[in-house]
Amino acid sequence: MWHYIGRNWFRNGLVPYSGGVDNHSPLFFAIFGLSDKLFGVNYWFPRVFGTLCQSVGIFYVYKLADHLAGKRAAMLALSFYGLSVMWHGVDGRYTSYTETYEVMFTIIAFYYFITAKGSKGYFISGLVAIIAMGFRLSGVFGIVALFAASFRKKEKCTLVFCAGALCGIVFLATLSLLAGINPHDVYVYGFADNFGQGSTTNYSFLTRMVQFHNMFFYSEVILFYPLALAYLFIERKVNWPVLWAIFEFIGINIIGNYARVDLKDLLPPLALMGGLVVAKLNVPLRYSMVVVWLCFSPKIVEPFLNFTRLFTGEFQKAENYCHEPYIQPDESASRQLGQWVKANTTVQQNVLVAGYGSQVQVYSERISPSIYFNATQTPLAKERFYRDMRQHEPDMILVPLFPEYRQYIGADLQQYIDQLVAKDYYLDRCMFNYNVYRLKKTQVN
């Protein structure tokens, strides 16, 4: 999704929300646009760049702990955070998500705030904190924690921090306007349309409670709980690491998705508290480190599986498709299908991949007739999708045969696509469990 929007921006001049909609920020899409500009269709660059940014965050956790309690605490905090950020319970394999950049800038903002010796440090902290929010709106909870902590210092600290934050807002708004991005679109697609019927936050109370339990009691994060309690017992006050953790916890619950990757916001303050607690124990550092690494090391499986795939070629073959049972294509099959679409259409032709088909769309290097190229089912999204389809008749439509399409896409959207292909399109072929329809007026006799 993000590569498609970034590519449309950098390659085709279609700015975010005009060339494709997803509820992320233009700063984030710019990374994928740059990736496409430099290396074409790929996913390695955002992941490598995200890994480097995540490593910068780990380094600043080290610097924070070093400033507070010395090298011993710094090495422990670095270990706690560096290991936990790779856990399965926080979706550690996804280094190219918005949380990577938001959390990195939030950590840096806290570092400049805590180490500030004058107005400059507080100003930079406010500025960097806004950049964190520019990547992901949940960064506002880190800002609130810093703002609350500022009241415990001199009044000037709060004013300078707010001045830095205001300059950050002006800076991001100016960049957005210069790029031609409509502020109203940022509000609607990046925030307002993410709540209510059909949105990604539209879960029942029971579903939310199950997700809450899975996130906080059925994941590796429980390893931090004894350390956090010990820190509270030792400090006997709600200081800035505690405030940081509290507001990030509140933020996760307000957003309410309980996606595992959201836990990354909570890890830095927990890692700092853990490092400061263990550093106080009268145990040689090498023994403490061994225990930490044994207990907190992630159970990484994916790298080994992917390594074996280097020698097995394509994950799924074409002969496995277009007959029952209709399995959902993997990334390899989606890439092959997208490349076939590219070879059998022109650059000027629009291609619609019904449902959640962003992988095929990206590899096809063709533009969707609608800004909703990947299924979004809010009332606003449906209305815009129908309007776009009337204005930009696609030359090719790909309709999934696998049951997940019928299961997760609304019946009204399915019916609209079915009626459209029955009226104006002919079935060209089946590929990778997609029926490929071409517009009748382009049929060659």
# chains A, B, ... in the order shown; residues from 1 in each chain; ligands from 1
>>> residues_around(residues="Val353 (chain A)", least_positions_apart="5", cutoff="12 Å", atoms="only C-alpha atoms", output="JSON, numbers by chain")
{"A": [334, 337, 338, 341, 358, 359, 360, 361, 362, 363, 364, 366, 367, 368, 369, 370, 372, 373, 374, 375, 394, 395, 396, 397, 398, 399, 400, 405, 417, 434, 435, 436, 437]}
>>> select_by_dssp(residues="region 271-416 of chain A", states="strand (DSSP E)", output="PyMOL selection string")
chain A and resi 351-353+396-400
>>> write_last_selection(atoms="C-alpha atoms", output="PDB file, in the first residue's frame")
ATOM      1  CA  VAL A 351      -6.102  -1.603 -13.570  1.00  0.00           C
ATOM      2  CA  LEU A 352      -8.404  -2.444 -10.660  1.00  0.00           C
ATOM      3  CA  VAL A 353      -7.462  -5.290  -8.334  1.00  0.00           C
ATOM      4  CA  MET A 396      -8.675  -4.436 -16.637  1.00  0.00           C
ATOM      5  CA  ILE A 397     -10.314  -5.788 -13.487  1.00  0.00           C
ATOM      6  CA  LEU A 398      -8.948  -8.661 -11.411  1.00  0.00           C
ATOM      7  CA  VAL A 399     -11.538 -10.409  -9.209  1.00  0.00           C
ATOM      8  CA  PRO A 400     -10.347 -12.917  -6.558  1.00  0.00           C
TER       9      PRO A 400
END
>>> select_by_dssp(residues="region 242-299 of chain A", states="alpha helix (DSSP H)", output="ChimeraX atom specification")
/A:242-255,267-279,285-296
>>> write_last_selection(atoms="C-alpha atoms", output="short mmCIF file (atom, residue, chain, number, x, y, z; two decimals), in the first residue's frame")
data_model
loop_
_atom_site.label_atom_id
_atom_site.label_comp_id
_atom_site.auth_asym_id
_atom_site.auth_seq_id
_atom_site.Cartn_x
_atom_site.Cartn_y
_atom_site.Cartn_z
CA VAL A 242 6.72 6.28 34.60
CA LEU A 243 4.81 9.16 33.00
CA TRP A 244 6.12 8.08 29.61
CA ALA A 245 4.93 4.51 30.13
CA ILE A 246 1.54 5.62 31.51
CA PHE A 247 0.72 7.91 28.60
CA GLU A 248 1.86 5.38 26.00
CA PHE A 249 -0.34 2.75 27.69
CA ILE A 250 -3.27 5.17 27.60
CA GLY A 251 -2.58 5.87 23.92
CA ILE A 252 -2.63 2.19 22.98
CA ASN A 253 -6.03 1.82 24.64
CA ILE A 254 -7.49 4.99 23.12
CA ILE A 255 -6.52 3.89 19.62
CA LEU A 267 9.10 -0.58 25.18
CA PRO A 268 11.55 2.35 25.62
CA PRO A 269 10.33 3.48 29.08
CA LEU A 270 10.00 -0.14 30.22
CA ALA A 271 13.54 -0.89 29.02
CA LEU A 272 14.87 2.15 30.85
CA MET A 273 13.12 1.17 34.07
CA GLY A 274 14.42 -2.38 33.72
CA GLY A 275 17.98 -1.22 33.12
CA LEU A 276 17.94 1.15 36.11
CA VAL A 277 16.51 -1.54 38.41
CA VAL A 278 18.90 -4.34 37.47
CA ALA A 279 21.86 -1.95 37.61
CA LEU A 285 27.38 -7.10 35.00
CA ARG A 286 28.36 -10.15 32.95
CA TYR A 287 26.01 -12.38 34.97
CA SER A 288 23.17 -9.87 34.72
CA MET A 289 23.66 -9.63 30.96
CA VAL A 290 23.59 -13.40 30.53
CA VAL A 291 20.25 -13.62 32.36
CA VAL A 292 18.79 -10.70 30.41
CA TRP A 293 19.84 -12.15 27.05
CA LEU A 294 18.54 -15.60 27.92
CA CYS A 295 15.15 -14.32 29.08
CA PHE A 296 14.57 -11.52 26.56
#
>>> residues_around(residues="region 82-97 of chain A", least_positions_apart="6", cutoff="7 Å", atoms="only C-alpha atoms", output="list in words")
Pro46, Arg47, Gly50, Thr51, Ile58, Ser219, Glu220, Arg260, Val261, Leu263, Lys264, Phe296, Ser297 and Pro298 of chain A
>>> residues_around(residues="region 381-385 of chain A", least_positions_apart="2", cutoff="10 Å", atoms="only C-alpha atoms", output="ChimeraX atom specification")
/A:21,189,193,198-199,369-373,375-379,387-391,412-413
>>> atom_distance(atom1="CA of Thr98 (chain A)", atom2="CA of Glu302 (chain A)")
20.9 Å
>>> atom_distance(atom1="CA of Ile107 (chain A)", atom2="CA of Tyr60 (chain A)")
6.6 Å
